[in-house]
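*Asks:* Hey, dropping final24.cif in here, mmCIF, C-alpha atoms:
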```
data_query
loop_
_atom_site.label_atom_id
_atom_site.label_comp_id
_atom_site.auth_asym_id
_atom_site.auth_seq_id
_atom_site.Cartn_x
_atom_site.Cartn_y
_atom_site.Cartn_z
CA MET A 1 -9.87 -7.70 -4.79
CA TYR A 2 -10.47 -4.49 -6.68
CA ASN A 3 -7.80 -1.78 -6.82
CA LYS A 4 -8.75 1.26 -8.94
CA VAL A 5 -7.74 4.92 -8.54
CA ILE A 6 -9.09 7.84 -10.56
CA ILE A 7 -7.59 11.24 -9.82
CA VAL A 8 -7.45 14.69 -11.41
CA GLY A 9 -4.54 16.91 -10.53
CA ASN A 10 -1.77 19.22 -11.65
CA LEU A 11 1.85 18.19 -12.11
CA THR A 12 4.01 19.45 -9.26
CA ARG A 13 7.26 19.12 -11.19
CA GLU A 14 8.61 18.28 -14.63
CA VAL A 15 8.29 14.70 -15.88
CA ASP A 16 11.14 12.42 -14.79
CA PHE A 17 11.71 10.23 -17.88
CA LYS A 18 14.08 7.29 -18.28
CA HIS A 19 14.34 3.84 -19.80
CA LEU A 20 14.46 0.72 -17.65
CA PRO A 21 17.20 -1.89 -18.30
CA SER A 22 14.59 -3.86 -20.24
CA GLY A 23 14.20 -0.91 -22.61
CA THR A 24 10.71 0.03 -21.38
CA ALA A 25 10.09 3.77 -21.04
CA LEU A 26 9.24 5.00 -17.53
CA ALA A 27 7.89 8.44 -16.61
CA THR A 28 7.37 9.46 -13.00
CA ILE A 29 5.10 12.42 -12.33
CA GLY A 30 4.10 14.18 -9.13
CA LEU A 31 0.45 15.19 -8.82
CA ALA A 32 -1.34 17.62 -6.52
CA SER A 33 -5.10 17.18 -6.24
CA ASN A 34 -7.14 19.86 -4.44
CA ARG A 35 -10.39 19.40 -2.56
CA ARG A 36 -12.36 22.37 -1.24
CA TYR A 37 -15.00 21.85 1.42
CA LYS A 38 -16.97 23.84 4.00
CA ARG A 39 -16.20 23.38 7.66
CA SER A 40 -18.90 23.25 10.31
CA ASP A 41 -18.32 26.94 11.14
CA GLY A 42 -19.06 27.90 7.49
CA THR A 43 -15.50 28.68 6.39
CA THR A 44 -14.01 27.01 3.35
CA GLN A 45 -11.00 24.77 3.72
CA ASP A 46 -8.63 23.47 1.05
CA GLU A 47 -7.14 20.02 1.32
CA VAL A 48 -4.29 19.07 -0.99
CA LEU A 49 -3.17 15.52 -1.72
CA TYR A 50 0.30 14.96 -3.18
CA ILE A 51 1.05 11.62 -4.85
CA ASP A 52 3.51 10.20 -7.37
CA ALA A 53 2.37 8.27 -10.43
CA LYS A 54 4.32 6.05 -12.83
CA LEU A 55 3.59 5.62 -16.52
CA PHE A 56 5.13 2.92 -18.67
CA GLY A 57 5.74 2.36 -22.38
CA ARG A 58 4.06 4.65 -24.89
CA SER A 59 2.10 6.44 -22.12
CA ALA A 60 5.44 7.46 -20.58
CA GLU A 61 6.69 8.81 -23.90
CA VAL A 62 3.48 10.83 -24.42
CA ALA A 63 3.75 12.26 -20.90
CA ASN A 64 7.38 13.22 -21.50
CA ASP A 65 6.53 14.92 -24.82
CA TYR A 66 3.39 16.81 -23.79
CA LEU A 67 3.26 17.35 -20.02
CA LYS A 68 5.05 20.01 -18.02
CA LYS A 69 4.90 21.40 -14.50
CA GLY A 70 1.37 22.69 -13.87
CA SER A 71 -0.31 20.55 -16.56
CA LYS A 72 -3.74 19.22 -15.56
CA VAL A 73 -4.30 15.48 -16.10
CA LEU A 74 -6.81 12.79 -15.24
CA ILE A 75 -5.25 9.42 -14.57
CA GLU A 76 -6.68 6.00 -13.86
CA GLY A 77 -4.63 3.21 -12.43
CA ARG A 78 -3.97 1.10 -9.39
CA LEU A 79 -2.47 1.96 -6.05
CA THR A 80 0.92 0.39 -5.30
CA LEU A 81 3.20 0.47 -2.26
CA GLU A 82 6.92 1.06 -2.78
CA THR A 83 9.34 0.13 0.00
CA TRP A 84 13.06 0.78 0.31
CA LYS A 85 15.83 1.42 2.84
CA ASP A 86 17.14 4.98 3.15
CA GLN A 87 20.79 6.01 3.57
CA ASN A 88 20.58 5.42 7.32
CA GLY A 89 19.20 1.89 6.90
CA ASN A 90 15.66 2.84 7.94
CA ASN A 91 12.71 1.22 6.19
CA ARG A 92 10.73 3.71 4.12
CA SER A 93 7.58 3.39 2.05
CA LYS A 94 5.13 5.43 -0.01
CA HIS A 95 2.05 4.85 -2.11
CA THR A 96 2.21 5.53 -5.84
CA ILE A 97 -0.20 5.07 -8.72
CA ALA A 98 0.65 2.69 -11.56
CA VAL A 99 -1.11 4.50 -14.40
CA GLU A 100 -3.23 2.54 -16.87
CA THR A 101 -4.83 5.49 -18.72
CA MET A 102 -4.12 9.20 -18.85
CA GLN A 103 -6.12 12.12 -20.23
CA MET A 104 -4.59 15.56 -20.65
CA LEU A 105 -7.12 18.19 -19.53
CA ASP A 106 -5.38 21.43 -20.56
CA SER A 107 -6.98 23.14 -23.53
CA LYS A 108 -4.85 23.73 -26.62
CA SER A 109 -4.85 27.49 -25.95
CA GLN A 110 -3.40 26.85 -22.48
CA SER A 111 -0.86 24.42 -23.85
CA SER A 112 0.83 26.46 -26.56
CA ASP A 113 4.16 24.92 -25.56
CA TYR A 114 2.93 21.44 -26.55
CA PRO A 115 4.44 20.09 -29.78
CA GLN A 116 2.01 20.09 -32.67
CA ASN A 117 1.30 16.75 -34.30
CA PRO A 118 0.59 17.33 -38.00
CA SER A 119 -1.24 14.02 -38.35
CA SER A 120 -3.84 14.90 -35.71
CA ASN A 121 -7.04 16.73 -36.49
CA SER A 122 -8.65 19.49 -34.44
CA GLY A 123 -11.42 17.19 -33.20
CA ALA A 124 -9.04 14.61 -31.81
CA SER A 125 -9.18 13.79 -28.13
CA ASN A 126 -6.16 14.48 -25.98
CA SER A 127 -6.50 11.24 -24.02
CA TYR A 128 -4.14 8.32 -24.22
CA SER A 129 -4.27 4.78 -22.98
CA GLN A 130 -2.33 1.65 -23.70
CA PRO A 131 -3.25 0.30 -27.17
CA LYS A 132 -5.82 -2.47 -27.22
CA ASN A 133 -6.08 -5.33 -29.67
CA ASP A 134 -9.10 -4.33 -31.77
CA TYR A 135 -9.09 -7.25 -34.19
CA LYS A 136 -11.89 -7.08 -36.74
CA PRO A 137 -12.19 -9.73 -39.43
CA GLN A 138 -12.24 -8.36 -42.96
CA GLN A 139 -15.22 -10.48 -43.96
CA GLU A 140 -17.86 -12.09 -41.77
CA GLU A 141 -17.62 -15.85 -41.73
CA GLN A 142 -20.65 -17.48 -43.39
CA LEU A 143 -21.95 -20.61 -41.67
CA PRO A 144 -23.93 -23.17 -43.70
CA VAL A 145 -27.69 -23.20 -43.15
CA VAL A 146 -28.88 -26.60 -41.88
CA ASP A 147 -32.54 -27.61 -41.72
CA ILE A 148 -32.85 -29.44 -38.41
CA ASP A 149 -36.66 -29.74 -38.23
CA ASP A 150 -36.53 -33.36 -39.50
CA ASP A 151 -34.05 -34.36 -36.78
CA ILE A 152 -36.18 -33.30 -33.79
CA PRO A 153 -37.89 -36.37 -32.24
CA PHE A 154 -41.11 -34.59 -31.12
#
```
Kindly transcribe the structure held in the file into structure tokens.

*Replies:*
Amino acid sequence: MYNKVIIVGNLTREVDFKHLPSGTALATIGLASNRRYKRSDGTTQDEVLYIDAKLFGRSAEVANDYLKKGSKVLIEGRLTLETWKDQNGNNRSKHTIAVETMQMLDSKSQSSDYPQNPSSNSGASNSYSQPKNDYKPQQEEQLPVVDIDDDIPF
């Protein structure tokens, strides 16, 4: 099965940041995503979707450091279903997004409250995803050249 969600939205509240008992950072954000469409009578209608998203590890730390209420982000992840019992013993559930990648869409002029990173350059992207293992050997391995023409039986 394939489970992939891509959504652009604005944060509806400040980032809720904490560490799990395992020590992993967790940030929960609320997103509002707007869709404008024309109805059959020609009037425009706005539809707003509200959804929570969870970021883990370094992504959670970046979200906590740089995002604030109203920030615009693009996230990619997978849809999950959380279930629990409320105070009255009733079963409750909601869908959330487990974020795999996040890209901050606010321009630097709009985000003057963001901390400045002295090691970054002005052309750097403001996207962040979990680090990947980009192993590159320092020197290409040289294989010996073998003349196999004499071994072919035809």

*Asks:* Rank nothing, just name the residue among A:Asn34, A:Ser22, A:Asn90, A:Ser40 nearest to A:Lys72, using only C-alpha atoms.

*Replies:*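 Among the listed residues, the smallest separation from A:Lys72 belongs to A:Asn34.
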
*Asks:* Identify, on the basis of only C-alpha atoms, every residue whose closest approach to A:Tyr50 does not exceed 8 Å; exclude the query and any residue fewer than 4 positions from it along the same chain; express the result as an MDAnalysis selection string.

*Replies:* chainID A and resid 30:33

*Asks:* I would like the residues chosen by the PyMOL selection byres ((chain A and resi 55) around 6) on the shown file; could you give them as a ChimeraX atom specification?

*Replies:* /A:26-27,54,56,59-60,99

*Asks:* Starting from 4 Å padding per side, set up an axis-aligned box that covers all listed atoms of stretch 58-68 of chain A and hand over centre and edge lengths in Å, one decimal, as lines of an AutoDock Vina configuration file.

*Replies:*
```
center_x = 4.7
center_y = 12.3
center_z = -21.5
size_x = 13.3
size_y = 23.4
size_z = 14.9
```

*Asks:* Could you write out as a ChimeraX atom specification the residues that the PyMOL selection byres ((chain A and resi 98) around 8) matches in the shown file?

*Replies:* /A:53-55,77-80,96-97,99-100
